[in-house]
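For reference, structure-v1.txt (compact mmCIF, C-alpha atoms):
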# COMPACT_ATOMS: atom_id res chain seq x y z
CA MET A 1 112.39 -15.07 54.63
CA SER A 2 115.18 -17.64 55.19
CA SER A 3 113.42 -18.98 58.33
CA LEU A 4 110.37 -19.95 56.26
CA PRO A 5 110.18 -23.45 54.75
CA SER A 6 110.91 -23.63 51.03
CA TRP A 7 107.34 -24.51 50.02
CA THR A 8 106.08 -21.36 51.78
CA SER A 9 108.48 -19.27 49.74
CA SER A 10 107.32 -20.98 46.53
CA VAL A 11 103.67 -20.38 47.39
CA LEU A 12 104.42 -16.72 48.14
CA ASP A 13 106.25 -16.34 44.82
CA LEU A 14 103.35 -17.97 42.99
CA GLY A 15 100.82 -15.76 44.78
CA VAL A 16 102.70 -12.57 43.98
CA PHE A 17 103.06 -13.64 40.37
CA ALA A 18 99.37 -14.52 40.07
CA VAL A 19 98.27 -11.17 41.50
CA LEU A 20 100.66 -9.28 39.21
CA ALA A 21 99.53 -11.29 36.16
CA LEU A 22 95.86 -10.60 36.90
CA LEU A 23 96.56 -6.90 37.40
CA ALA A 24 98.55 -6.78 34.14
CA MET A 25 95.67 -8.32 32.18
CA ALA A 26 93.08 -6.06 33.81
CA PHE A 27 95.08 -2.87 33.26
CA SER A 28 95.87 -3.84 29.64
CA LEU A 29 92.16 -4.27 28.91
CA LEU A 30 91.31 -1.01 30.69
CA VAL A 31 93.96 0.89 28.69
CA VAL A 32 92.43 -0.33 25.45
CA GLU A 33 88.75 -0.23 26.33
CA HIS A 34 88.12 2.55 28.88
CA ARG A 35 85.88 5.31 27.52
CA SER A 36 88.02 8.17 28.79
CA LEU A 37 91.45 8.69 27.25
CA VAL A 38 92.72 10.29 30.46
CA TYR A 39 91.81 7.23 32.49
CA SER A 40 93.32 5.00 29.80
CA ALA A 41 96.63 6.86 30.13
CA PHE A 42 96.35 6.56 33.93
CA PHE A 43 95.83 2.80 33.62
CA LEU A 44 98.88 2.68 31.33
CA ALA A 45 100.88 4.19 34.20
CA LEU A 46 99.56 1.45 36.50
CA LEU A 47 100.43 -1.17 33.85
CA GLY A 48 103.95 0.29 33.78
CA LEU A 49 104.21 -0.13 37.55
CA VAL A 50 103.04 -3.76 37.33
CA ASN A 51 105.51 -4.40 34.52
CA ALA A 52 108.29 -2.87 36.64
CA SER A 53 107.29 -5.26 39.45
CA PHE A 54 107.59 -8.20 37.03
CA ILE A 55 111.02 -6.96 35.96
CA ALA A 56 112.10 -6.59 39.60
CA THR A 57 110.96 -10.14 40.45
CA LEU A 58 113.19 -11.37 37.60
CA GLY A 59 116.19 -9.75 39.33
CA PHE A 60 116.56 -6.62 37.18
CA THR A 61 115.95 -4.10 39.96
CA VAL A 62 117.88 -1.30 38.22
CA ILE A 63 115.86 -1.70 35.02
CA ALA A 64 112.65 -1.73 37.06
CA LEU A 65 113.60 1.56 38.74
CA PHE A 66 114.54 3.05 35.36
CA HIS A 67 111.21 1.91 33.95
CA VAL A 68 109.31 3.57 36.79
CA ALA A 69 111.34 6.78 36.66
CA VAL A 70 111.56 7.29 32.92
CA TYR A 71 108.58 5.47 31.45
CA VAL A 72 105.92 5.90 34.12
CA GLY A 73 107.28 9.08 35.65
CA ALA A 74 107.98 11.02 32.49
CA SER A 75 106.39 9.44 29.45
CA VAL A 76 103.00 8.42 30.77
CA LEU A 77 102.53 11.57 32.83
CA PHE A 78 103.39 13.61 29.72
CA MET A 79 100.77 11.61 27.86
CA ILE A 80 98.16 12.20 30.57
CA PHE A 81 98.76 15.96 30.53
CA SER A 82 98.59 16.01 26.71
CA VAL A 83 95.48 13.86 26.50
CA THR A 84 93.59 16.18 28.87
CA MET A 85 93.89 18.89 26.19
CA PHE A 86 92.01 16.83 23.61
CA ARG A 87 88.26 16.58 23.37
CA GLY A 88 86.00 14.14 21.57
CA GLY A 89 84.87 10.59 22.24
CA PRO A 90 86.62 7.41 21.22
CA VAL A 91 86.46 6.45 17.53
CA VAL A 92 86.03 2.71 17.01
CA GLU A 93 86.61 0.93 13.72
CA ARG A 94 83.54 -1.32 13.52
CA ARG A 95 84.48 -3.12 10.32
CA THR A 96 87.61 -4.66 11.83
CA MET A 97 86.04 -5.46 15.21
CA VAL A 98 85.68 -9.21 14.53
CA LEU A 99 89.22 -9.44 13.21
CA ALA A 100 90.46 -7.41 16.18
CA LEU A 101 88.73 -9.72 18.68
CA ALA A 102 90.18 -12.75 16.88
CA VAL A 103 93.64 -11.22 17.17
CA ILE A 104 93.79 -11.61 20.99
CA PRO A 105 93.65 -15.45 21.14
CA MET A 106 95.54 -15.71 17.85
CA PHE A 107 98.55 -13.74 19.07
CA SER A 108 98.45 -15.17 22.58
CA LEU A 109 98.39 -18.77 21.35
CA ALA A 110 100.97 -18.21 18.60
CA LEU A 111 103.41 -16.54 20.99
CA SER A 112 102.77 -19.18 23.67
CA ALA A 113 103.65 -21.86 21.12
CA VAL A 114 106.82 -19.98 20.17
CA PHE A 115 107.82 -19.63 23.83
CA LEU A 116 107.11 -23.32 24.55
CA THR A 117 110.83 -24.12 24.46
CA PHE A 118 111.26 -22.19 27.74
CA GLN A 119 108.64 -24.24 29.57
CA GLY A 120 110.95 -25.89 32.09
CA THR A 121 113.42 -23.03 32.52
CA PRO A 122 113.37 -21.82 36.14
CA VAL A 123 113.63 -18.13 37.00
CA PRO A 124 117.32 -17.58 37.78
CA GLY A 125 118.45 -15.51 40.74
CA VAL A 126 120.22 -12.83 38.73
CA GLU A 127 121.08 -9.42 40.17
CA VAL A 128 122.13 -6.84 37.59
CA SER A 129 123.99 -3.95 39.21
CA TYR A 130 123.91 -0.32 38.10
CA MET A 131 127.72 -0.23 38.05
CA ALA A 132 128.02 -3.28 35.77
CA LEU A 133 125.38 -1.96 33.37
CA SER A 134 126.87 1.52 33.04
CA LYS A 135 130.36 0.07 32.56
CA LEU A 136 129.05 -2.28 29.88
CA ILE A 137 127.22 0.54 28.06
CA VAL A 138 130.22 2.88 28.01
CA GLU A 139 132.86 0.26 27.15
CA LYS A 140 131.07 -2.20 24.88
CA TYR A 141 127.81 -0.68 23.69
CA TRP A 142 128.97 2.89 23.00
CA LEU A 143 127.75 2.86 19.38
CA PRO A 144 124.12 1.94 20.25
CA LEU A 145 124.34 4.59 22.98
CA LEU A 146 125.52 7.18 20.45
CA ILE A 147 122.71 6.26 18.02
CA PHE A 148 120.26 6.40 20.91
CA VAL A 149 121.41 9.89 21.94
CA VAL A 150 121.17 11.16 18.33
CA ALA A 151 117.71 9.59 17.97
CA MET A 152 116.52 11.23 21.20
CA ALA A 153 117.88 14.62 20.14
CA THR A 154 116.23 14.47 16.70
CA THR A 155 112.99 13.27 18.28
CA MET A 156 112.98 16.26 20.60
CA MET A 157 113.58 18.63 17.67
CA GLN A 158 110.86 16.94 15.63
CA ALA A 159 108.38 17.18 18.48
CA ILE A 160 109.12 20.90 18.98
CA VAL A 161 108.87 21.65 15.23
CA LEU A 162 105.58 19.75 14.88
CA THR A 163 103.88 21.35 17.87
CA ARG A 164 105.08 24.88 16.99
CA LYS A 165 103.92 24.61 13.36
CA GLU A 166 101.69 27.61 12.69
CA VAL A 167 98.24 26.64 11.48
CA GLY A 168 96.74 28.56 8.56
CA ARG A 169 99.99 29.98 7.16
CA ARG A 170 100.97 28.44 3.79
CA MET B 1 108.74 -23.05 41.29
CA MET B 2 108.17 -20.18 38.88
CA THR B 3 109.43 -20.60 35.35
CA ILE B 4 110.32 -18.15 32.60
CA TYR B 5 107.45 -19.55 30.55
CA ALA B 6 104.87 -18.07 32.94
CA TYR B 7 106.28 -14.57 32.38
CA LEU B 8 106.31 -15.17 28.62
CA LEU B 9 102.66 -16.26 28.72
CA VAL B 10 101.67 -13.01 30.45
CA SER B 11 103.68 -11.11 27.88
CA ALA B 12 101.96 -12.95 25.00
CA ALA B 13 98.51 -12.17 26.40
CA MET B 14 99.39 -8.49 26.87
CA PHE B 15 100.70 -8.35 23.32
CA GLY B 16 97.42 -9.82 22.03
CA ILE B 17 95.36 -7.24 23.93
CA GLY B 18 97.56 -4.40 22.61
CA THR B 19 97.20 -5.67 19.04
CA TYR B 20 93.43 -5.82 19.47
CA GLY B 21 93.41 -2.16 20.47
CA LEU B 22 95.66 -1.17 17.60
CA VAL B 23 93.45 -2.93 15.04
CA SER B 24 90.05 -1.90 16.39
CA LYS B 25 90.56 1.81 17.15
CA ARG B 26 90.78 4.86 14.87
CA ASN B 27 91.64 7.45 17.49
CA MET B 28 95.37 8.20 17.16
CA LEU B 29 95.95 8.53 20.91
CA ARG B 30 94.03 5.32 21.63
CA MET B 31 96.22 3.55 19.07
CA LEU B 32 99.31 5.00 20.76
CA LEU B 33 98.13 3.69 24.14
CA SER B 34 97.55 0.24 22.60
CA ALA B 35 101.03 0.32 21.06
CA GLU B 36 102.40 1.16 24.51
CA VAL B 37 100.71 -1.97 25.92
CA MET B 38 102.47 -3.94 23.17
CA PHE B 39 105.74 -2.21 24.09
CA ASN B 40 105.35 -3.24 27.73
CA ALA B 41 104.68 -6.83 26.62
CA ALA B 42 107.78 -6.86 24.40
CA LEU B 43 109.92 -5.41 27.19
CA LEU B 44 108.74 -8.09 29.61
CA ALA B 45 109.52 -10.79 27.02
CA LEU B 46 112.98 -9.31 26.42
CA ILE B 47 113.84 -9.24 30.12
CA SER B 48 112.42 -12.73 30.67
CA LEU B 49 114.43 -14.19 27.81
CA ALA B 50 117.61 -12.36 28.88
CA ALA B 51 117.41 -13.49 32.52
CA PRO B 52 118.62 -17.11 32.17
CA GLY B 53 121.55 -16.68 29.78
CA PHE B 54 122.79 -13.13 29.32
CA PRO B 55 121.42 -10.67 31.89
CA ASP B 56 123.87 -7.80 31.29
CA PRO B 57 123.41 -7.34 27.50
CA GLY B 58 119.69 -7.87 28.01
CA GLY B 59 119.69 -5.12 30.62
CA VAL B 60 121.47 -2.72 28.27
CA LEU B 61 119.00 -3.48 25.49
CA ALA B 62 116.10 -2.95 27.89
CA LEU B 63 117.46 0.45 28.97
CA LEU B 64 117.79 1.58 25.34
CA ALA B 65 114.34 0.17 24.50
CA ILE B 66 112.70 2.10 27.36
CA GLY B 67 114.35 5.31 26.15
CA LEU B 68 113.18 4.78 22.57
CA GLY B 69 109.70 3.90 23.84
CA VAL B 70 109.57 7.31 25.52
CA ALA B 71 110.78 8.99 22.31
CA ASP B 72 107.98 7.54 20.21
CA VAL B 73 105.44 8.85 22.72
CA GLY B 74 106.86 12.35 22.18
CA VAL B 75 106.60 12.10 18.40
CA VAL B 76 103.08 10.66 18.26
CA VAL B 77 101.68 13.08 20.84
CA SER B 78 103.17 16.04 18.95
CA LEU B 79 101.64 14.67 15.73
CA ALA B 80 98.30 14.41 17.53
CA VAL B 81 98.63 18.02 18.75
CA LEU B 82 99.31 19.16 15.17
CA MET B 83 96.40 17.13 13.84
CA MET B 84 94.10 18.55 16.49
CA GLN B 85 95.15 22.07 15.47
CA LEU B 86 94.57 21.40 11.76
CA LYS B 87 91.51 19.14 11.77
CA GLY B 88 90.03 19.44 15.23
CA GLU B 89 90.08 15.65 15.73
CA VAL B 90 92.53 12.77 16.01
CA ASP B 91 90.93 10.25 13.62
CA VAL B 92 93.71 8.46 11.72
CA TYR B 93 91.48 8.26 8.62
CA GLU B 94 91.93 12.02 8.32
CA LEU B 95 95.71 11.60 8.05
CA SER B 96 95.46 10.71 4.36
CA LYS B 97 93.90 14.14 3.71
CA PHE B 98 97.09 15.87 4.93
CA LYS B 99 98.61 15.44 1.46
CA GLU B 100 98.73 18.76 -0.37
Translate this structure into structure tokens?
Amino acid sequence: MSSLPSWTSSVLDLGVFAVLALLAMAFSLLVVEHRSLVYSAFFLALLGLVNASFIATLGFTVIALFHVAVYVGASVLFMIFSVTMFRGGPVVERRTMVLALAVIPMFSLALSAVFLTFQGTPVPGVEVSYMALSKLIVEKYWLPLLIFVVAMATTMMQAIVLTRKEVGRR
Amino acid sequence: MMTIYAYLLVSAAMFGIGTYGLVSKRNMLRMLLSAEVMFNAALLALISLAAPGFPDPGGVLALLAIGLGVADVGVVVSLAVLMMQLKGEVDVYELSKFKE
């Protein structure tokens, strides 16, 4: 890539970003609006992959891999397998439909205005290493890690208790 | 040249779409999927904002956030399984009738 002129690199970056942004918007809409829940969960997995690509282009390759492995690989696949067990069509709340449609431009514009201070900030060429992150977590952020581990353990217990609850016995 | 603002704009639009889904749907799993879209938007905003100034703490926060995002999926799906067993549907309006 170093042999290419700088404007070519910029155009390539812009093209990749534009494609990823379009895919992110399309997959977000499909997650929310697709008739089938299974396909919605599948599109969420694709949205996770696009998001991981965004994260990787920002220089956080380790986080992107973690996102793909843990979020897309475990969470969304778990959701797809669970959703296939459910039946019934989508239930739409008609009374709030107008408000819900107004929410999209409202939130997008409000957040864009909030983020306006970062308008000229270029994307830095950061490279976060796995070694640096793990060292930082163990040495400096051990308390959040401890809370996180406890939260995960209690979540697992809660999920098992809820799903094993016997129906009909009072 | 790409700027951080472009990433934040995408994140804002994704957040708006996720909020639309959360407000307009009554199916618990559909609401969970919409909340996951919002989670992805928030994660992208977090990473984008962390990139210029403090990448390492931002990376740690992102790792913990992804883990907690997975945990909430586990809880909500198990609630949906329980609700399906009890009521035979996943309409959130039926949740209020769980009170005994």
One decimal, in Å: what's the spacing between CA of Gly59 in chain A and CA of Ile47 in chain B?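 Computing the Euclidean distance for CA of Gly59 in chain A and CA of Ile47 in chain B yields 9.5 Å.
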Determine, for each residue of range 11-71 of chain A having at least one atom at most 12 Å from an atom of range 133-149 of chain A, the closest pair of atoms and their separation in Å to one decimal, counting all atoms listed in the file; order by chain and ascending number, as a tab-separated table.
residue	atom	partner	partner_atom	distance
A:Phe60	CA	A:Leu133	CA	10.7
A:Thr61	CA	A:Leu133	CA	11.7
A:Val62	CA	A:Leu133	CA	9.0
A:Ile63	CA	A:Leu133	CA	9.7
Go ahead and compute the interatomic distance for CA of Met85 in chain A and CA of Ala80 in chain B, in Å to one decimal.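 One can read the CA of Met85 in chain A to CA of Ala80 in chain B distance as 10.7 Å.
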Given only C-alpha atoms as the counted atoms, nearest of A:Ser10, A:Thr57, A:Gly73, A:Met157 to chain B: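 Answer, going by the shortest atom-to-atom distance: A:Ser10.
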Output as JSON the centre and edge lengths (Å, one decimal) of the box along x, y and z of the file that holds every listed atom of range 65-78 of chain B after adding 8 Å on each side.
{"center_x": 108.0, "center_y": 8.1, "center_z": 22.8, "size_x": 28.7, "size_y": 31.9, "size_z": 25.1}
Can you list, as a list in words, every protein, DNA or RNA residue that comes within 12 Å of Leu77 in chain A when you count all atoms listed in the file, leaving out same-chain residues fewer than 2 positions away? Val38, Tyr39, Ser40, Ala41, Phe42, Phe43, Leu44, Ala45, Leu46, Gly48, Val68, Ala69, Val70, Tyr71, Val72, Gly73, Ala74, Ser75, Met79, Ile80, Phe81, Ser82, Val83 and Thr84 of chain A; Val70, Val73 and Gly74 of chain B
CA of Ala50 in chain B to CA of Leu20 in chain A measures 20.1 Å
Taking all atoms listed in the file into account and nothing else, which residues of chain B lie no more than 6 Å away from chain A? Please answer as number ranges by chain. B: 1, 3-5, 9, 12-13, 16-17, 20-21, 23-27, 34, 52, 70, 75, 78, 82
